[in-house]
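**Q** Contents of structure_14.cif (mmCIF, N, CA and C atoms):
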```cif
data_my_file
#
loop_
_atom_site.group_PDB
_atom_site.id
_atom_site.type_symbol
_atom_site.label_atom_id
_atom_site.label_comp_id
_atom_site.auth_asym_id
_atom_site.auth_seq_id
_atom_site.Cartn_x
_atom_site.Cartn_y
_atom_site.Cartn_z
ATOM 1 N N ARG A 58 -70.690 -34.621 -21.687
ATOM 2 C CA ARG A 58 -70.585 -33.297 -21.126
ATOM 3 C C ARG A 58 -71.615 -33.109 -20.016
ATOM 4 N N GLN A 59 -72.841 -33.527 -20.267
ATOM 5 C CA GLN A 59 -73.897 -33.376 -19.269
ATOM 6 C C GLN A 59 -73.644 -34.247 -18.041
ATOM 7 N N MET A 60 -73.064 -35.431 -18.233
ATOM 8 C CA MET A 60 -72.762 -36.303 -17.085
ATOM 9 C C MET A 60 -71.729 -35.660 -16.177
ATOM 10 N N VAL A 61 -70.706 -35.059 -16.768
ATOM 11 C CA VAL A 61 -69.664 -34.400 -15.976
ATOM 12 C C VAL A 61 -70.251 -33.194 -15.261
ATOM 13 N N ALA A 62 -71.081 -32.420 -15.946
ATOM 14 C CA ALA A 62 -71.724 -31.261 -15.319
ATOM 15 C C ALA A 62 -72.618 -31.698 -14.162
ATOM 16 N N HIS A 63 -73.354 -32.793 -14.345
ATOM 17 C CA HIS A 63 -74.217 -33.296 -13.273
ATOM 18 C C HIS A 63 -73.394 -33.755 -12.073
ATOM 19 N N ALA A 64 -72.328 -34.501 -12.320
ATOM 20 C CA ALA A 64 -71.481 -34.974 -11.217
ATOM 21 C C ALA A 64 -70.869 -33.801 -10.461
ATOM 22 N N THR A 65 -70.501 -32.756 -11.189
ATOM 23 C CA THR A 65 -69.927 -31.568 -10.552
ATOM 24 C C THR A 65 -70.941 -30.918 -9.625
ATOM 25 N N THR A 66 -72.166 -30.782 -10.103
ATOM 26 C CA THR A 66 -73.217 -30.152 -9.304
ATOM 27 C C THR A 66 -73.685 -31.049 -8.163
ATOM 28 N N ALA A 67 -73.959 -32.303 -8.463
ATOM 29 C CA ALA A 67 -74.547 -33.212 -7.471
ATOM 30 C C ALA A 67 -73.560 -33.692 -6.420
ATOM 31 N N TYR A 68 -72.303 -33.886 -6.805
ATOM 32 C CA TYR A 68 -71.345 -34.511 -5.894
ATOM 33 C C TYR A 68 -70.120 -33.653 -5.594
ATOM 34 N N GLY A 69 -70.063 -32.464 -6.174
ATOM 35 C CA GLY A 69 -68.947 -31.571 -5.904
ATOM 36 C C GLY A 69 -67.628 -32.026 -6.493
ATOM 37 N N THR A 70 -67.689 -32.773 -7.589
ATOM 38 C CA THR A 70 -66.444 -33.228 -8.216
ATOM 39 C C THR A 70 -65.755 -32.069 -8.931
ATOM 40 N N ASP A 71 -64.483 -32.223 -9.179
ATOM 41 C CA ASP A 71 -63.687 -31.212 -9.868
ATOM 42 C C ASP A 71 -63.729 -31.495 -11.366
ATOM 43 N N PRO A 72 -64.378 -30.646 -12.165
ATOM 44 C CA PRO A 72 -64.485 -30.924 -13.597
ATOM 45 C C PRO A 72 -63.136 -30.943 -14.314
ATOM 46 N N ALA A 73 -62.137 -30.311 -13.749
ATOM 47 C CA ALA A 73 -60.807 -30.314 -14.362
ATOM 48 C C ALA A 73 -60.107 -31.657 -14.205
ATOM 49 N N ARG A 74 -60.683 -32.542 -13.369
ATOM 50 C CA ARG A 74 -60.082 -33.859 -13.150
ATOM 51 C C ARG A 74 -60.973 -34.991 -13.654
ATOM 52 N N ALA A 75 -61.938 -34.682 -14.501
ATOM 53 C CA ALA A 75 -62.856 -35.697 -15.031
ATOM 54 C C ALA A 75 -62.099 -36.684 -15.910
ATOM 55 N N GLN A 76 -62.385 -37.961 -15.700
ATOM 56 C CA GLN A 76 -61.744 -39.038 -16.448
ATOM 57 C C GLN A 76 -62.813 -40.005 -16.925
ATOM 58 N N VAL A 77 -62.507 -40.724 -17.976
ATOM 59 C CA VAL A 77 -63.435 -41.718 -18.499
ATOM 60 C C VAL A 77 -62.642 -42.972 -18.847
ATOM 61 N N THR A 78 -63.257 -44.128 -18.605
ATOM 62 C CA THR A 78 -62.612 -45.394 -18.947
ATOM 63 C C THR A 78 -63.677 -46.420 -19.304
ATOM 64 N N GLY A 79 -63.296 -47.424 -20.062
ATOM 65 C CA GLY A 79 -64.242 -48.460 -20.424
ATOM 66 C C GLY A 79 -63.542 -49.702 -20.943
ATOM 67 N N LEU A 80 -64.236 -50.825 -20.817
ATOM 68 C CA LEU A 80 -63.732 -52.135 -21.227
ATOM 69 C C LEU A 80 -64.588 -52.666 -22.374
ATOM 70 N N SER A 81 -63.958 -53.148 -23.425
ATOM 71 C CA SER A 81 -64.608 -53.761 -24.582
ATOM 72 C C SER A 81 -65.523 -52.739 -25.266
ATOM 73 N N ALA A 82 -66.827 -52.975 -25.314
ATOM 74 C CA ALA A 82 -67.725 -51.998 -25.932
ATOM 75 C C ALA A 82 -67.676 -50.677 -25.175
ATOM 76 N N GLY A 83 -67.486 -50.751 -23.865
ATOM 77 C CA GLY A 83 -67.302 -49.532 -23.076
ATOM 78 C C GLY A 83 -66.020 -48.815 -23.454
ATOM 79 N N GLY A 84 -65.008 -49.582 -23.848
ATOM 80 C CA GLY A 84 -63.767 -48.990 -24.333
ATOM 81 C C GLY A 84 -63.983 -48.262 -25.648
ATOM 82 N N ALA A 85 -64.795 -48.850 -26.509
ATOM 83 C CA ALA A 85 -65.131 -48.188 -27.771
ATOM 84 C C ALA A 85 -65.877 -46.887 -27.500
ATOM 85 N N MET A 86 -66.807 -46.914 -26.546
ATOM 86 C CA MET A 86 -67.534 -45.691 -26.197
ATOM 87 C C MET A 86 -66.619 -44.671 -25.531
ATOM 88 N N THR A 87 -65.635 -45.147 -24.788
ATOM 89 C CA THR A 87 -64.657 -44.239 -24.188
ATOM 90 C C THR A 87 -63.893 -43.504 -25.271
ATOM 91 N N SER A 88 -63.498 -44.207 -26.327
ATOM 92 C CA SER A 88 -62.779 -43.538 -27.414
ATOM 93 C C SER A 88 -63.668 -42.510 -28.108
ATOM 94 N N VAL A 89 -64.957 -42.792 -28.204
ATOM 95 C CA VAL A 89 -65.897 -41.822 -28.773
ATOM 96 C C VAL A 89 -65.980 -40.585 -27.884
ATOM 97 N N MET A 90 -66.112 -40.797 -26.574
ATOM 98 C CA MET A 90 -66.204 -39.668 -25.635
ATOM 99 C C MET A 90 -64.957 -38.799 -25.689
ATOM 100 N N LEU A 91 -63.790 -39.430 -25.729
ATOM 101 C CA LEU A 91 -62.536 -38.679 -25.767
ATOM 102 C C LEU A 91 -62.378 -37.918 -27.082
ATOM 103 N N ALA A 92 -62.825 -38.515 -28.184
ATOM 104 C CA ALA A 92 -62.724 -37.843 -29.482
ATOM 105 C C ALA A 92 -63.744 -36.715 -29.615
ATOM 106 N N ALA A 93 -64.941 -36.939 -29.098
ATOM 107 C CA ALA A 93 -66.010 -35.946 -29.237
ATOM 108 C C ALA A 93 -65.889 -34.793 -28.250
ATOM 109 N N TYR A 94 -65.371 -35.062 -27.056
ATOM 110 C CA TYR A 94 -65.312 -34.049 -26.000
ATOM 111 C C TYR A 94 -63.930 -33.968 -25.364
ATOM 112 N N PRO A 95 -62.896 -33.687 -26.141
ATOM 113 C CA PRO A 95 -61.544 -33.658 -25.556
ATOM 114 C C PRO A 95 -61.372 -32.582 -24.489
ATOM 115 N N GLU A 96 -62.171 -31.528 -24.576
ATOM 116 C CA GLU A 96 -62.064 -30.451 -23.595
ATOM 117 C C GLU A 96 -62.701 -30.805 -22.254
ATOM 118 N N VAL A 97 -63.494 -31.860 -22.209
ATOM 119 C CA VAL A 97 -64.203 -32.241 -20.984
ATOM 120 C C VAL A 97 -63.359 -33.152 -20.098
ATOM 121 N N PHE A 98 -62.534 -34.007 -20.708
ATOM 122 C CA PHE A 98 -61.827 -35.036 -19.954
ATOM 123 C C PHE A 98 -60.337 -34.749 -19.824
ATOM 124 N N ALA A 99 -59.852 -34.872 -18.591
ATOM 125 C CA ALA A 99 -58.421 -34.696 -18.318
ATOM 126 C C ALA A 99 -57.641 -35.949 -18.696
ATOM 127 N N ALA A 100 -58.314 -37.103 -18.669
ATOM 128 C CA ALA A 100 -57.644 -38.367 -18.969
ATOM 129 C C ALA A 100 -58.686 -39.398 -19.380
ATOM 130 N N GLY A 101 -58.204 -40.453 -20.010
ATOM 131 C CA GLY A 101 -59.077 -41.545 -20.385
ATOM 132 C C GLY A 101 -58.274 -42.803 -20.622
ATOM 133 N N ALA A 102 -58.927 -43.950 -20.463
ATOM 134 C CA ALA A 102 -58.269 -45.235 -20.684
ATOM 135 C C ALA A 102 -59.224 -46.156 -21.440
ATOM 136 N N VAL A 103 -58.805 -46.557 -22.618
ATOM 137 C CA VAL A 103 -59.560 -47.510 -23.427
ATOM 138 C C VAL A 103 -58.941 -48.881 -23.197
ATOM 139 N N VAL A 104 -59.738 -49.824 -22.692
ATOM 140 C CA VAL A 104 -59.255 -51.173 -22.418
ATOM 141 C C VAL A 104 -59.991 -52.132 -23.359
ATOM 142 N N ALA A 105 -59.253 -52.726 -24.281
ATOM 143 C CA ALA A 105 -59.794 -53.721 -25.213
ATOM 144 C C ALA A 105 -60.960 -53.179 -26.036
ATOM 145 N N GLY A 106 -60.880 -51.906 -26.415
ATOM 146 C CA GLY A 106 -61.895 -51.309 -27.269
ATOM 147 C C GLY A 106 -61.288 -50.927 -28.602
ATOM 148 N N ILE A 107 -62.127 -50.625 -29.560
ATOM 149 C CA ILE A 107 -61.623 -50.223 -30.873
ATOM 150 C C ILE A 107 -61.468 -48.704 -30.924
ATOM 151 N N PRO A 108 -60.583 -48.214 -31.787
ATOM 152 C CA PRO A 108 -60.383 -46.769 -31.907
ATOM 153 C C PRO A 108 -61.608 -46.067 -32.487
ATOM 154 N N TYR A 109 -61.768 -44.820 -32.112
ATOM 155 C CA TYR A 109 -62.840 -43.991 -32.657
ATOM 156 C C TYR A 109 -62.720 -43.920 -34.178
ATOM 157 N N GLY A 110 -63.833 -44.122 -34.865
ATOM 158 C CA GLY A 110 -63.856 -44.024 -36.314
ATOM 159 C C GLY A 110 -63.437 -45.278 -37.053
ATOM 160 N N CYS A 111 -63.055 -46.311 -36.341
ATOM 161 C CA CYS A 111 -62.595 -47.529 -37.004
ATOM 162 C C CYS A 111 -63.766 -48.325 -37.567
ATOM 163 N N GLY A 112 -64.818 -48.465 -36.820
ATOM 164 C CA GLY A 112 -65.967 -49.225 -37.275
ATOM 165 C C GLY A 112 -67.210 -48.358 -37.333
ATOM 166 N N VAL A 113 -67.946 -48.452 -38.429
ATOM 167 C CA VAL A 113 -69.175 -47.677 -38.570
ATOM 168 C C VAL A 113 -70.423 -48.556 -38.464
ATOM 169 N N ASP A 114 -70.210 -49.869 -38.410
ATOM 170 C CA ASP A 114 -71.294 -50.819 -38.212
ATOM 171 C C ASP A 114 -70.693 -52.084 -37.600
ATOM 172 N N VAL A 115 -71.532 -53.074 -37.341
ATOM 173 C CA VAL A 115 -71.065 -54.280 -36.655
ATOM 174 C C VAL A 115 -69.990 -55.005 -37.466
ATOM 175 N N VAL A 116 -70.198 -55.140 -38.762
ATOM 176 C CA VAL A 116 -69.239 -55.874 -39.595
ATOM 177 C C VAL A 116 -67.881 -55.179 -39.598
ATOM 178 N N SER A 117 -67.859 -53.871 -39.807
ATOM 179 C CA SER A 117 -66.573 -53.169 -39.835
ATOM 180 C C SER A 117 -65.940 -53.109 -38.453
ATOM 181 N N ALA A 118 -66.753 -53.096 -37.402
ATOM 182 C CA ALA A 118 -66.197 -53.130 -36.045
ATOM 183 C C ALA A 118 -65.456 -54.442 -35.806
ATOM 184 N N PHE A 119 -66.009 -55.553 -36.278
ATOM 185 C CA PHE A 119 -65.318 -56.836 -36.130
ATOM 186 C C PHE A 119 -64.013 -56.854 -36.914
ATOM 187 N N SER A 120 -63.983 -56.206 -38.071
ATOM 188 C CA SER A 120 -62.738 -56.110 -38.842
ATOM 189 C C SER A 120 -61.693 -55.297 -38.094
ATOM 190 N N CYS A 121 -62.138 -54.308 -37.321
ATOM 191 C CA CYS A 121 -61.201 -53.515 -36.509
ATOM 192 C C CYS A 121 -60.571 -54.367 -35.412
ATOM 193 N N MET A 122 -61.352 -55.321 -34.907
ATOM 194 C CA MET A 122 -60.851 -56.174 -33.828
ATOM 195 C C MET A 122 -59.908 -57.249 -34.354
ATOM 196 N N SER A 123 -60.261 -57.840 -35.502
ATOM 197 C CA SER A 123 -59.436 -58.904 -36.057
ATOM 198 C C SER A 123 -59.630 -58.921 -37.563
ATOM 199 N N PRO A 124 -58.644 -58.626 -38.319
ATOM 200 C CA PRO A 124 -57.218 -58.587 -38.016
ATOM 201 C C PRO A 124 -56.724 -57.261 -37.455
ATOM 202 N N GLY A 125 -57.576 -56.265 -37.387
ATOM 203 C CA GLY A 125 -57.157 -54.950 -36.907
ATOM 204 C C GLY A 125 -57.034 -53.975 -38.064
ATOM 205 N N ALA A 126 -56.901 -52.712 -37.731
ATOM 206 C CA ALA A 126 -56.782 -51.676 -38.754
ATOM 207 C C ALA A 126 -55.432 -50.993 -38.631
ATOM 208 N N ASP A 127 -54.763 -50.840 -39.751
ATOM 209 C CA ASP A 127 -53.460 -50.182 -39.785
ATOM 210 C C ASP A 127 -53.606 -48.934 -40.647
ATOM 211 N N ARG A 128 -53.671 -47.776 -39.990
ATOM 212 C CA ARG A 128 -53.848 -46.513 -40.708
ATOM 213 C C ARG A 128 -52.770 -45.523 -40.302
ATOM 214 N N THR A 129 -52.544 -44.565 -41.164
ATOM 215 C CA THR A 129 -51.600 -43.499 -40.827
ATOM 216 C C THR A 129 -52.245 -42.578 -39.791
ATOM 217 N N PRO A 130 -51.465 -41.809 -39.056
ATOM 218 C CA PRO A 130 -52.058 -40.858 -38.104
ATOM 219 C C PRO A 130 -53.052 -39.907 -38.771
ATOM 220 N N ALA A 131 -52.750 -39.461 -39.978
ATOM 221 C CA ALA A 131 -53.656 -38.549 -40.678
ATOM 222 C C ALA A 131 -54.977 -39.224 -41.040
ATOM 223 N N ALA A 132 -54.926 -40.524 -41.344
ATOM 224 C CA ALA A 132 -56.141 -41.253 -41.715
ATOM 225 C C ALA A 132 -57.073 -41.447 -40.528
ATOM 226 N N TRP A 133 -56.525 -41.552 -39.332
ATOM 227 C CA TRP A 133 -57.376 -41.700 -38.161
ATOM 228 C C TRP A 133 -58.105 -40.409 -37.915
#
```
Turn this file's structure into structure tokens for me.
**A**
Amino acid sequence: RQMVAHATTAYGTDPARAQVTGLSAGGAMTSVMLAAYPEVFAAGAVVAGIPYGCGVDVVSAFSCMSPGADRTPAAW
């Protein structure tokens, strides 16, 4: 939220068009940003990252990557 506010002030960006994207660990952080601040971002793209809430530590994060996690929409 603060990064988007700073970019709006410093560079004159349009906060209604804020987007976030990330690759691998950045993709995992992108899913966190989108889940935590859905009102801040108009769009987002997770590339090769794990879903928000899938891993709570390194071991469970690796389980999310392989073999993967199969959950119902309600469980996510």
**Q** Can you pull out every residue within 7 Å of Thr87 of chain A, counting only C-alpha atoms, but drop anything in the same chain fewer than 3 positions away, and send it as a list in words?
**A**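 Everything that qualifies: Val77, Thr78, Gly79, Gly83, Gly84, Met90, Leu91 and Val103 of chain A.
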**Q** Would you output that residue set with N, CA and C atoms, as a PDB file, in the coordinates of the input?
**A**
```
ATOM      1  N   VAL A  77     -62.507 -40.724 -17.976  1.00  0.00           N
ATOM      2  CA  VAL A  77     -63.435 -41.718 -18.499  1.00  0.00           C
ATOM      3  C   VAL A  77     -62.642 -42.972 -18.847  1.00  0.00           C
ATOM      4  N   THR A  78     -63.257 -44.128 -18.605  1.00  0.00           N
ATOM      5  CA  THR A  78     -62.612 -45.394 -18.947  1.00  0.00           C
ATOM      6  C   THR A  78     -63.677 -46.420 -19.304  1.00  0.00           C
ATOM      7  N   GLY A  79     -63.296 -47.424 -20.062  1.00  0.00           N
ATOM      8  CA  GLY A  79     -64.242 -48.460 -20.424  1.00  0.00           C
ATOM      9  C   GLY A  79     -63.542 -49.702 -20.943  1.00  0.00           C
ATOM     10  N   GLY A  83     -67.486 -50.751 -23.865  1.00  0.00           N
ATOM     11  CA  GLY A  83     -67.302 -49.532 -23.076  1.00  0.00           C
ATOM     12  C   GLY A  83     -66.020 -48.815 -23.454  1.00  0.00           C
ATOM     13  N   GLY A  84     -65.008 -49.582 -23.848  1.00  0.00           N
ATOM     14  CA  GLY A  84     -63.767 -48.990 -24.333  1.00  0.00           C
ATOM     15  C   GLY A  84     -63.983 -48.262 -25.648  1.00  0.00           C
ATOM     16  N   MET A  90     -66.112 -40.797 -26.574  1.00  0.00           N
ATOM     17  CA  MET A  90     -66.204 -39.668 -25.635  1.00  0.00           C
ATOM     18  C   MET A  90     -64.957 -38.799 -25.689  1.00  0.00           C
ATOM     19  N   LEU A  91     -63.790 -39.430 -25.729  1.00  0.00           N
ATOM     20  CA  LEU A  91     -62.536 -38.679 -25.767  1.00  0.00           C
ATOM     21  C   LEU A  91     -62.378 -37.918 -27.082  1.00  0.00           C
ATOM     22  N   VAL A 103     -58.805 -46.557 -22.618  1.00  0.00           N
ATOM     23  CA  VAL A 103     -59.560 -47.510 -23.427  1.00  0.00           C
ATOM     24  C   VAL A 103     -58.941 -48.881 -23.197  1.00  0.00           C
TER      25      VAL A 103
END
```
**Q** Quick check, in Å to one decimal: how far apart do atom CA of Asp127 of chain A and atom CA of Ala85 of chain A lie?
**A**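 Atom CA of Asp127 of chain A sits 16.9 Å away from atom CA of Ala85 of chain A.
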**Q** Would you list the contacts of Gly112 of chain A as a PDB file with N, CA and C atoms, keeping the file's coordinate frame, taking every protein, DNA or RNA residue within 7 Å and counting all atoms listed in the file, but skipping same-chain residues closer than 6 positions in sequence?
**A**
```
ATOM      1  N   ALA A 118     -66.753 -53.096 -37.402  1.00  0.00           N
ATOM      2  CA  ALA A 118     -66.197 -53.130 -36.045  1.00  0.00           C
ATOM      3  C   ALA A 118     -65.456 -54.442 -35.806  1.00  0.00           C
ATOM      4  N   PHE A 119     -66.009 -55.553 -36.278  1.00  0.00           N
ATOM      5  CA  PHE A 119     -65.318 -56.836 -36.130  1.00  0.00           C
ATOM      6  C   PHE A 119     -64.013 -56.854 -36.914  1.00  0.00           C
ATOM      7  N   CYS A 121     -62.138 -54.308 -37.321  1.00  0.00           N
ATOM      8  CA  CYS A 121     -61.201 -53.515 -36.509  1.00  0.00           C
ATOM      9  C   CYS A 121     -60.571 -54.367 -35.412  1.00  0.00           C
TER      10      CYS A 121
END
```
**Q** Interatomic distance between atom CA of Ala99 of chain A and atom CA of Pro72 of chain A?
**A**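 Going from atom CA of Ala99 of chain A over to atom CA of Pro72 of chain A, I get 8.6 Å.
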**Q** Would you please work out which residue, of A:Val89, A:Gly110, A:Arg58, A:Phe98, is nearest to Ala73 of chain A when using only N, CA and C atoms?
**A**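 Closest residue, counting only N, CA and C atoms: A:Phe98.
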**Q** Rank nothing, just name the residue among A:Thr129, A:Ser117, A:Thr65, A:Gln76 nearest to Val97 of chain A, using only N, CA and C atoms.
**A** A:Gln76
**Q** Can you take segment 81-128 of chain A from the block and write C-alpha atoms as an mmCIF file, in the first residue's frame?
**A**
```
data_model
loop_
_atom_site.group_PDB
_atom_site.id
_atom_site.type_symbol
_atom_site.label_atom_id
_atom_site.label_comp_id
_atom_site.auth_asym_id
_atom_site.auth_seq_id
_atom_site.Cartn_x
_atom_site.Cartn_y
_atom_site.Cartn_z
ATOM 1 C CA SER A 81 9.312 -17.531 -8.508
ATOM 2 C CA ALA A 82 9.721 -16.187 -4.948
ATOM 3 C CA GLY A 83 8.576 -12.835 -6.315
ATOM 4 C CA GLY A 84 5.515 -14.643 -7.630
ATOM 5 C CA ALA A 85 4.828 -15.972 -4.154
ATOM 6 C CA MET A 86 5.128 -12.434 -2.780
ATOM 7 C CA THR A 87 2.833 -11.202 -5.544
ATOM 8 C CA SER A 88 0.159 -13.641 -4.389
ATOM 9 C CA VAL A 89 0.599 -12.332 -0.838
ATOM 10 C CA MET A 90 0.233 -8.718 -2.016
ATOM 11 C CA LEU A 91 -2.893 -9.525 -4.023
ATOM 12 C CA ALA A 92 -4.455 -11.453 -1.128
ATOM 13 C CA ALA A 93 -3.554 -8.876 1.519
ATOM 14 C CA TYR A 94 -4.370 -5.727 -0.475
ATOM 15 C CA PRO A 95 -6.974 -6.559 -3.136
ATOM 16 C CA GLU A 96 -8.284 -3.000 -3.031
ATOM 17 C CA VAL A 97 -4.864 -1.576 -3.965
ATOM 18 C CA PHE A 98 -4.167 -3.520 -7.166
ATOM 19 C CA ALA A 99 -6.144 -3.442 -10.403
ATOM 20 C CA ALA A 100 -4.290 -6.500 -11.713
ATOM 21 C CA GLY A 101 -1.561 -8.954 -10.883
ATOM 22 C CA ALA A 102 0.390 -11.796 -12.455
ATOM 23 C CA VAL A 103 2.004 -14.631 -10.525
ATOM 24 C CA VAL A 104 4.654 -16.382 -12.632
ATOM 25 C CA ALA A 105 5.950 -19.702 -11.258
ATOM 26 C CA GLY A 106 5.034 -18.798 -7.680
ATOM 27 C CA ILE A 107 3.030 -20.660 -5.080
ATOM 28 C CA PRO A 108 -0.492 -19.626 -4.048
ATOM 29 C CA TYR A 109 -1.042 -17.471 -0.987
ATOM 30 C CA GLY A 110 -1.441 -19.607 2.126
ATOM 31 C CA CYS A 111 -0.030 -22.763 0.578
ATOM 32 C CA GLY A 112 3.274 -22.786 2.422
ATOM 33 C CA VAL A 113 3.909 -21.507 5.933
ATOM 34 C CA ASP A 114 7.587 -22.481 6.041
ATOM 35 C CA VAL A 115 10.310 -23.702 3.684
ATOM 36 C CA VAL A 116 9.353 -27.383 3.911
ATOM 37 C CA SER A 117 5.656 -26.808 3.216
ATOM 38 C CA ALA A 118 6.508 -24.344 0.439
ATOM 39 C CA PHE A 119 8.488 -27.077 -1.330
ATOM 40 C CA SER A 120 5.491 -29.407 -0.976
ATOM 41 C CA CYS A 121 3.373 -26.737 -2.686
ATOM 42 C CA MET A 122 5.791 -26.730 -5.607
ATOM 43 C CA SER A 123 6.104 -30.498 -5.966
ATOM 44 C CA PRO A 124 3.852 -32.443 -6.014
ATOM 45 C CA GLY A 125 1.610 -29.402 -5.577
ATOM 46 C CA ALA A 126 -1.463 -28.718 -3.488
ATOM 47 C CA ASP A 127 -4.980 -29.690 -4.494
ATOM 48 C CA ARG A 128 -7.554 -27.848 -2.388
#
```
